[in-house]
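Here the structure is laid out as structure tokens; the discussion comes afterwards.
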Amino acid sequence: MVAGRGMAATMTGEDKAPRTERGRRTLRALLDAAAAEFGEKGFHESSVVSITGRAGVALGSFYTYFDSKESLFRALVKDMSGKVRDHVAPVLPGQGDQIDAEGRALSAFLGFARKHKEIYRIIDEAEFVAPDAWNAHYGTTANRILERLKSAEARGEINGPVDEAHAWAIMGMNVFLGLRYGVNDEARDVNEVADIVNQMLRTGLGKVSG
């Protein structure tokens with residue numbers, strides 16, 4: 001993800017968006033420190049002081065970008081959601097049909113979850129700390145899946161009619177598979193997991209020829 005002005009404006013508000021490269025680096029440091037801090041301690045046990053200390057940022061500089069710990073948490077949820085999107089997007093194009101693409105997306109997400117286990121604690125807490133960001137995270141993720149499925153239906157790759165319930169079902173599987181094989185168990189090959197899920201998707205959604 002490019003930490004450009006557009007991203008910062010979305011997260012912190014137009015008036016607090018960093019306008020220099022140094023400012024963007026500071027914002028990035030705060031978000032990364034917040035991910036580690038909230039991931040380890042949870043929202044309520046974390047503090048602005050501990051986050052700025054971890055980031056190597058002066059306490060006063062924090063308020064250049066955020067109004068409160070809550071606004072930082074909300075920005076972090078949006079940032080992590082964007083990171084997942086940007087990690088998965090490059091693997092979607094490739095050989096095969098949309099079912100194959102969804103398998104690649106799942107493999108990529110499982111790899112992301114293994115490297116960023118904190119995302120589960122943070123997103124779970126967001127339901128109560130920042131419900132607007134929590135809803136946006138899942139809503140936009142499901143919408144991206146739905147758009148992919150509708151495009152695949154139009155190409156004749158999957159059976160229709162495609163409904164948003166299909167997208168939420170796939171997202172739900174991915175979330176819990178990430179918990180099982182990303183956070184709790186790293187022993188199983190992510191591609192093997194994706195192949196199993198793909199077979200189930202292909203049986204239920206794959207277009208049957210003949």
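Naming works like this for the structure tokens: A, B, ... for the chains as they're shown, residue 1 at the start of each chain, ligands 1 onward in shown order.
Omitting Asn184 of chain A and its sequence neighbours fewer than 5 positions away, and counting only C-alpha atoms, the residues within 9 Å are Arg114, Gly178 and Leu179 of chain A.
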Output the selection as a CSV table (one decimal), in the first residue's frame - N, CA and C atoms for each residue.
```csv
chain,number,residue,atom,x,y,z
A,114,ARG,N,-0.7,-15.4,8.7
A,114,ARG,CA,0.5,-16.0,9.4
A,114,ARG,C,1.5,-14.9,9.8
A,178,GLY,N,-8.5,-18.7,8.0
A,178,GLY,CA,-7.3,-17.9,8.5
A,178,GLY,C,-7.0,-18.0,9.9
A,179,LEU,N,-8.1,-18.1,10.7
A,179,LEU,CA,-7.9,-18.3,12.2
A,179,LEU,C,-7.3,-19.7,12.5
```
Using only C-alpha atoms, which protein or nucleic acid residues come within 8 Å of segment 200-205 of chain A? Drop anything in the same chain fewer than 2 positions from it, and give the result as a list in words. Ile99, Ile158, Asn159, Gly160, Ile196, Val197, Asn198 and Lys207 of chain A
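Separating atom CA of Arg121 of chain A from atom CA of Asp195 of chain A is a distance of 27.0 Å.
Distance-wise, atom CA of Tyr65 of chain A and atom CA of Ala89 of chain A end up 28.3 Å apart.
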Could you pull the residues within 10 Å of Tyr181 of chain A, counting only C-alpha atoms, minus those fewer than 4 positions along the same chain, as a ChimeraX atom specification? /A:110-111,113-114,176-177,185-190,193
Restricted to C-alpha atoms, what would the selected residues look like written as a PDB file, in the first residue's frame?
```pdb
ATOM      1  CA  LEU A 110      -3.579 -17.443   4.832  1.00  0.00           C
ATOM      2  CA  GLY A 111       0.005 -16.332   4.243  1.00  0.00           C
ATOM      3  CA  ALA A 113      -2.633 -14.048   8.459  1.00  0.00           C
ATOM      4  CA  ARG A 114       0.474 -16.003   9.442  1.00  0.00           C
ATOM      5  CA  PHE A 176     -12.206 -18.884   9.912  1.00  0.00           C
ATOM      6  CA  LEU A 177      -9.707 -20.747   7.755  1.00  0.00           C
ATOM      7  CA  ASP A 185      -1.622 -23.693  13.051  1.00  0.00           C
ATOM      8  CA  GLU A 186       1.095 -22.939  10.516  1.00  0.00           C
ATOM      9  CA  ALA A 187       2.005 -26.552   9.807  1.00  0.00           C
ATOM     10  CA  ARG A 188      -0.395 -27.213   6.951  1.00  0.00           C
ATOM     11  CA  ASP A 189       0.446 -26.083   3.437  1.00  0.00           C
ATOM     12  CA  VAL A 190      -1.788 -23.144   2.534  1.00  0.00           C
ATOM     13  CA  VAL A 193      -6.094 -25.957   2.276  1.00  0.00           C
TER      14      VAL A 193
END
```
Could you name the residues that touch Ile119 of chain A at 8 Å or less, counting only C-alpha atoms, but leaving out those on the same chain fewer than 4 positions away, as a PyMOL selection string? chain A and resi 35+39+80+113+123
Take the residues that were just selected and, keeping N, CA and C atoms, output them as a PDB file, in the first residue's frame.
```
ATOM      1  N   ALA A  35      -0.483  -1.365  15.568  1.00  0.00           N
ATOM      2  CA  ALA A  35      -0.812  -2.749  15.241  1.00  0.00           C
ATOM      3  C   ALA A  35      -0.149  -3.708  16.227  1.00  0.00           C
ATOM      4  N   GLY A  39      -2.371  -5.410  19.084  1.00  0.00           N
ATOM      5  CA  GLY A  39      -2.338  -6.851  18.879  1.00  0.00           C
ATOM      6  C   GLY A  39      -1.876  -7.602  20.108  1.00  0.00           C
ATOM      7  N   MET A  80      -5.383  -1.852   7.973  1.00  0.00           N
ATOM      8  CA  MET A  80      -5.188  -3.297   7.882  1.00  0.00           C
ATOM      9  C   MET A  80      -6.103  -3.897   6.821  1.00  0.00           C
ATOM     10  N   ALA A 113      -2.221 -13.832   7.075  1.00  0.00           N
ATOM     11  CA  ALA A 113      -2.633 -14.048   8.459  1.00  0.00           C
ATOM     12  C   ALA A 113      -1.494 -14.618   9.305  1.00  0.00           C
ATOM     13  N   ILE A 123      -9.425  -6.728  14.586  1.00  0.00           N
ATOM     14  CA  ILE A 123     -10.713  -6.693  13.906  1.00  0.00           C
ATOM     15  C   ILE A 123     -11.823  -7.138  14.842  1.00  0.00           C
TER      16      ILE A 123
END
```
Just the residues within 7 Å of Leu92 of chain A, please, counting only C-alpha atoms, with nothing from its chain fewer than 2 positions along; format it as a tab-separated table (two decimals) with all heavy atoms, in the first residue's frame.
```tsv
chain	number	residue	atom	x	y	z
A	88	VAL	N	-3.82	-9.43	-1.52
A	88	VAL	CA	-4.55	-10.45	-2.29
A	88	VAL	C	-4.68	-10.07	-3.76
A	88	VAL	O	-4.60	-10.93	-4.65
A	88	VAL	CB	-5.94	-10.68	-1.66
A	88	VAL	CG1	-6.82	-11.53	-2.58
A	88	VAL	CG2	-5.79	-11.35	-0.29
A	89	ALA	N	-4.88	-8.80	-4.04
A	89	ALA	CA	-5.20	-8.36	-5.41
A	89	ALA	C	-4.22	-8.85	-6.47
A	89	ALA	O	-4.65	-9.28	-7.55
A	89	ALA	CB	-5.31	-6.83	-5.45
A	90	PRO	N	-2.90	-8.82	-6.22
A	90	PRO	CA	-1.97	-9.23	-7.29
A	90	PRO	C	-2.07	-10.69	-7.71
A	90	PRO	O	-1.65	-11.04	-8.82
A	90	PRO	CB	-0.59	-8.93	-6.69
A	90	PRO	CG	-0.83	-7.89	-5.65
A	90	PRO	CD	-2.18	-8.25	-5.07
A	94	GLY	N	-4.55	-14.66	-13.43
A	94	GLY	CA	-3.74	-15.86	-13.62
A	94	GLY	C	-4.50	-16.90	-14.40
A	94	GLY	O	-5.60	-16.65	-14.93
A	101	ALA	N	-9.07	-18.56	-9.10
A	101	ALA	CA	-8.64	-17.27	-8.57
A	101	ALA	C	-8.98	-17.14	-7.09
A	101	ALA	O	-8.19	-16.62	-6.30
A	101	ALA	CB	-9.28	-16.13	-9.36
A	104	ARG	N	-6.39	-18.93	-5.12
A	104	ARG	CA	-5.17	-18.14	-4.97
A	104	ARG	C	-5.35	-17.04	-3.93
A	104	ARG	O	-4.44	-16.75	-3.14
A	104	ARG	CB	-4.76	-17.54	-6.32
A	104	ARG	CG	-4.33	-18.56	-7.35
A	104	ARG	CD	-3.64	-17.91	-8.55
A	104	ARG	NE	-4.53	-17.03	-9.30
A	104	ARG	CZ	-5.32	-17.45	-10.30
A	104	ARG	NH1	-5.34	-18.73	-10.64
A	104	ARG	NH2	-6.09	-16.59	-10.96
A	105	ALA	N	-6.54	-16.44	-3.92
A	105	ALA	CA	-6.82	-15.40	-2.94
A	105	ALA	C	-6.78	-15.96	-1.52
A	105	ALA	O	-6.23	-15.33	-0.60
A	105	ALA	CB	-8.18	-14.77	-3.22
```
Apply DSSP to the structure's backbone, then extract all residues of chain A labelled helix (DSSP H, G or I) and return them as JSON, numbers by chain. {"A": [5, 6, 7, 8, 9, 10, 11, 12, 14, 15, 16, 21, 22, 23, 24, 25, 26, 27, 28, 29, 30, 31, 32, 33, 34, 35, 36, 37, 38, 39, 40, 41, 48, 49, 50, 51, 52, 53, 54, 55, 59, 60, 61, 62, 63, 64, 65, 69, 70, 71, 72, 73, 74, 75, 76, 77, 78, 79, 80, 81, 82, 83, 84, 85, 86, 87, 88, 89, 90, 91, 98, 99, 100, 101, 102, 103, 104, 105, 106, 107, 108, 109, 110, 111, 112, 113, 114, 115, 118, 119, 120, 121, 122, 123, 124, 125, 126, 127, 128, 129, 131, 132, 133, 134, 135, 136, 137, 138, 139, 140, 141, 142, 143, 144, 145, 146, 147, 148, 149, 150, 151, 152, 153, 154, 164, 165, 166, 167, 168, 169, 170, 171, 172, 173, 174, 175, 176, 177, 178, 179, 180, 181, 182, 183, 190, 191, 192, 193, 194, 195, 196, 197, 198, 199, 200, 201, 202, 203, 204, 205]}
Selected residue of minimal separation from Gly139 of chain A among A:Pro18, A:Pro161, A:Gly172, A:Gly156, counting only C-alpha atoms: A:Gly172
Judged by only C-alpha atoms, the minimum distance to Ala167 of chain A among A:Ser151, A:Ser68, A:Asn143, A:Gln95 is found for A:Asn143
Find the residue from A:Val57, A:Leu106, A:Val91, A:Val162 that sits nearest to Arg22 of chain A; use only C-alpha atoms when measuring. A:Val57
Can you pull out every residue within 12 Å of Asp163 of chain A, counting only C-alpha atoms, but drop anything in the same chain fewer than 5 positions away, and send it as a compact mmCIF listing (two decimals) with all heavy atoms, in the first residue's frame?
```txt
# COMPACT_ATOMS: atom_id res chain seq x y z
N ALA A 142 -16.63 -8.19 1.32
CA ALA A 142 -17.69 -8.99 0.70
C ALA A 142 -18.08 -8.42 -0.66
O ALA A 142 -18.34 -9.18 -1.61
CB ALA A 142 -18.90 -9.06 1.62
N ASN A 143 -18.12 -7.10 -0.77
CA ASN A 143 -18.48 -6.49 -2.05
C ASN A 143 -17.46 -6.80 -3.13
O ASN A 143 -17.83 -7.00 -4.30
CB ASN A 143 -18.63 -4.97 -1.88
CG ASN A 143 -19.91 -4.59 -1.17
OD1 ASN A 143 -20.86 -5.37 -1.13
ND2 ASN A 143 -19.94 -3.39 -0.61
N ILE A 145 -15.63 -9.51 -3.32
CA ILE A 145 -15.86 -10.91 -3.71
C ILE A 145 -17.10 -11.00 -4.59
O ILE A 145 -17.12 -11.70 -5.61
CB ILE A 145 -16.01 -11.81 -2.47
CG1 ILE A 145 -14.70 -11.82 -1.67
CG2 ILE A 145 -16.40 -13.23 -2.87
CD1 ILE A 145 -14.81 -12.54 -0.34
N LEU A 146 -18.16 -10.29 -4.22
CA LEU A 146 -19.39 -10.32 -4.99
C LEU A 146 -19.16 -9.82 -6.41
O LEU A 146 -19.67 -10.41 -7.38
CB LEU A 146 -20.46 -9.47 -4.30
CG LEU A 146 -21.83 -9.39 -4.98
CD1 LEU A 146 -22.43 -10.79 -5.13
CD2 LEU A 146 -22.75 -8.47 -4.20
N GLU A 147 -18.40 -8.76 -6.57
CA GLU A 147 -18.10 -8.24 -7.91
C GLU A 147 -17.35 -9.27 -8.74
O GLU A 147 -17.62 -9.44 -9.94
CB GLU A 147 -17.28 -6.95 -7.79
CG GLU A 147 -18.08 -5.77 -7.27
CD GLU A 147 -17.22 -4.54 -7.06
OE1 GLU A 147 -16.01 -4.60 -7.38
OE2 GLU A 147 -17.75 -3.53 -6.56
N ARG A 148 -16.41 -9.97 -8.09
CA ARG A 148 -15.67 -11.00 -8.83
C ARG A 148 -16.59 -12.13 -9.27
O ARG A 148 -16.50 -12.64 -10.38
CB ARG A 148 -14.53 -11.56 -7.96
CG ARG A 148 -13.49 -10.54 -7.54
CD ARG A 148 -12.20 -11.19 -7.10
NE ARG A 148 -12.31 -12.07 -5.96
CZ ARG A 148 -12.00 -11.72 -4.70
NH1 ARG A 148 -11.62 -10.48 -4.44
NH2 ARG A 148 -12.08 -12.61 -3.72
N LEU A 149 -17.49 -12.54 -8.37
CA LEU A 149 -18.40 -13.64 -8.71
C LEU A 149 -19.38 -13.24 -9.81
O LEU A 149 -19.68 -14.04 -10.70
CB LEU A 149 -19.18 -14.07 -7.46
CG LEU A 149 -18.36 -14.69 -6.32
CD1 LEU A 149 -19.28 -15.07 -5.17
CD2 LEU A 149 -17.56 -15.89 -6.79
N LYS A 150 -19.87 -12.02 -9.76
CA LYS A 150 -20.79 -11.57 -10.80
C LYS A 150 -20.09 -11.52 -12.16
O LYS A 150 -20.69 -11.87 -13.19
CB LYS A 150 -21.37 -10.21 -10.43
CG LYS A 150 -22.44 -10.28 -9.35
CD LYS A 150 -23.07 -8.91 -9.11
CE LYS A 150 -24.24 -9.02 -8.15
NZ LYS A 150 -24.86 -7.68 -7.90
N GLU A 153 -19.84 -15.00 -13.35
CA GLU A 153 -21.14 -15.47 -13.83
C GLU A 153 -21.39 -14.96 -15.25
O GLU A 153 -21.86 -15.70 -16.12
CB GLU A 153 -22.25 -14.99 -12.90
CG GLU A 153 -23.64 -15.43 -13.32
CD GLU A 153 -24.75 -14.81 -12.48
OE1 GLU A 153 -24.44 -13.96 -11.61
OE2 GLU A 153 -25.91 -15.17 -12.69
N TRP A 168 -20.60 -13.49 1.08
CA TRP A 168 -20.41 -13.53 2.53
C TRP A 168 -20.03 -14.93 2.99
O TRP A 168 -19.27 -15.09 3.95
CB TRP A 168 -21.67 -13.04 3.25
CG TRP A 168 -21.77 -11.55 3.26
CD1 TRP A 168 -22.25 -10.74 2.28
CD2 TRP A 168 -21.32 -10.67 4.31
NE1 TRP A 168 -22.15 -9.41 2.65
CE2 TRP A 168 -21.59 -9.34 3.88
CE3 TRP A 168 -20.74 -10.87 5.55
CZ2 TRP A 168 -21.28 -8.22 4.65
CZ3 TRP A 168 -20.44 -9.76 6.34
CH2 TRP A 168 -20.70 -8.46 5.89
N ALA A 169 -20.55 -15.96 2.32
CA ALA A 169 -20.18 -17.33 2.68
C ALA A 169 -18.71 -17.58 2.41
O ALA A 169 -17.99 -18.18 3.24
CB ALA A 169 -21.05 -18.32 1.91
N ILE A 170 -18.22 -17.14 1.25
CA ILE A 170 -16.81 -17.31 0.92
C ILE A 170 -15.94 -16.52 1.90
O ILE A 170 -14.93 -17.03 2.40
CB ILE A 170 -16.53 -16.89 -0.53
CG1 ILE A 170 -17.17 -17.90 -1.50
CG2 ILE A 170 -15.03 -16.78 -0.80
CD1 ILE A 170 -17.09 -17.49 -2.95
N LEU A 205 -20.54 -24.18 -6.95
CA LEU A 205 -20.67 -23.01 -7.81
C LEU A 205 -20.17 -23.23 -9.23
O LEU A 205 -20.56 -22.51 -10.14
CB LEU A 205 -19.89 -21.82 -7.21
CG LEU A 205 -20.47 -21.20 -5.94
CD1 LEU A 205 -19.52 -20.10 -5.45
CD2 LEU A 205 -21.83 -20.60 -6.20
```
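Of the residues under consideration (A:Ala152, A:Ile122, A:Ala55, A:Ala194), A:Ile122 shows the shortest atom-to-atom contact distance to Ala75 of chain A when counting only C-alpha atoms.
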I want to know what sits within 7 Å of segment 45-52 of chain A, based on only C-alpha atoms, with residues of the same chain fewer than 6 positions away left out; could you give that as a ChimeraX atom specification? /A:30,33-34,37-38,58-59,69
